[in-house]
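To keep things clear, I will list the structure first and then write my remarks on it.
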Amino acid sequence: MKVGSEAYAWLNGAAMEVNEVFNYCNETSYKAATRTDLKRKWLSGFDLCSLTAGPSPYFDKIGADTIQSVCTHYAQKRNAAKRLKLRWRARRR
């Protein structure tokens with residue numbers, strides 16, 4: 001299947017929104033894991049999904065199912081890498 005050139009703008013917009021969700025998950029889980037008090041927590045996919053509940057009306061291209069999928073995949077990849085923060089979607093110049 002080939003993607004038509006008229007879909008490029010929509011796909012780029014959807015990719016930017018997915019990156020925003022990924023960056024939010026990355027920042028939130030890092031802050032929760034490096035707290036200075038005794039309430040440090042390693043956030044799971046369920047925790048991240050509950051924190052991102054409700055923002056789907058603010059995104060034009062992606063829905064709640066995509067947001068939850070990004071959160072669960074982020075948590076799985078972070079657990080597999082055993083790191084506090086992931087850099088897989090960082091912009092490299």
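Convention: chains lettered A, B, ... in structure tokens order; per-chain residue numbering from 1; ligands numbered from 1 as shown.
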
Checklist entry - Can you list, as JSON, numbers by chain, every protein, DNA or RNA residue that comes within 12 Å of A:Cys71 when you count only C-alpha atoms, leaving out same-chain residues fewer than 2 positions away? => result {"A": [18, 19, 20, 21, 22, 23, 24, 25, 26, 28, 29, 43, 44, 45, 46, 47, 48, 49, 50, 51, 52, 53, 64, 65, 66, 67, 68, 69, 73, 74, 75, 76, 77, 78]}

Next on the checklist: Taking only chain A into account, list the residues labelled helix (DSSP H, G or I) by DSSP (computed from the backbone), as a ChimeraX atom specification.
Outcome noted: /A:5-33,45-51,56-58,64-81

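When only C-alpha atoms are used to measure the gap to A:Ile62, the shortest distance among A:Met16, A:Tyr8, A:Lys2, A:Trp42 belongs to A:Met16.
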
Next on the checklist: I'd like to know which of A:Arg83, A:Trp88, A:Ser5, A:Phe59 is closest to A:Ala33, using only C-alpha atoms.
Outcome noted: A:Arg83

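When atom CA of A:Pro57 is paired with atom CA of A:Asn79, their separation reads 29.4 Å.
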
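Proximity to A:Trp10 was assessed for A:Leu38, A:Asp60, A:Gly54, A:Ala32 counting only C-alpha atoms; the smallest distance is recorded for A:Asp60.
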
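Rounded to one decimal, atom CA of A:Tyr58 and atom CA of A:Glu27 lie 19.2 Å from each other.
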
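When atom CA of A:Glu17 is paired with atom CA of A:Gly63, their separation reads 10.0 Å.
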
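Distance check against A:Lys85 using only C-alpha atoms: of A:Tyr30, A:Ala14, A:Glu6, A:Met1, the minimum falls on A:Tyr30.
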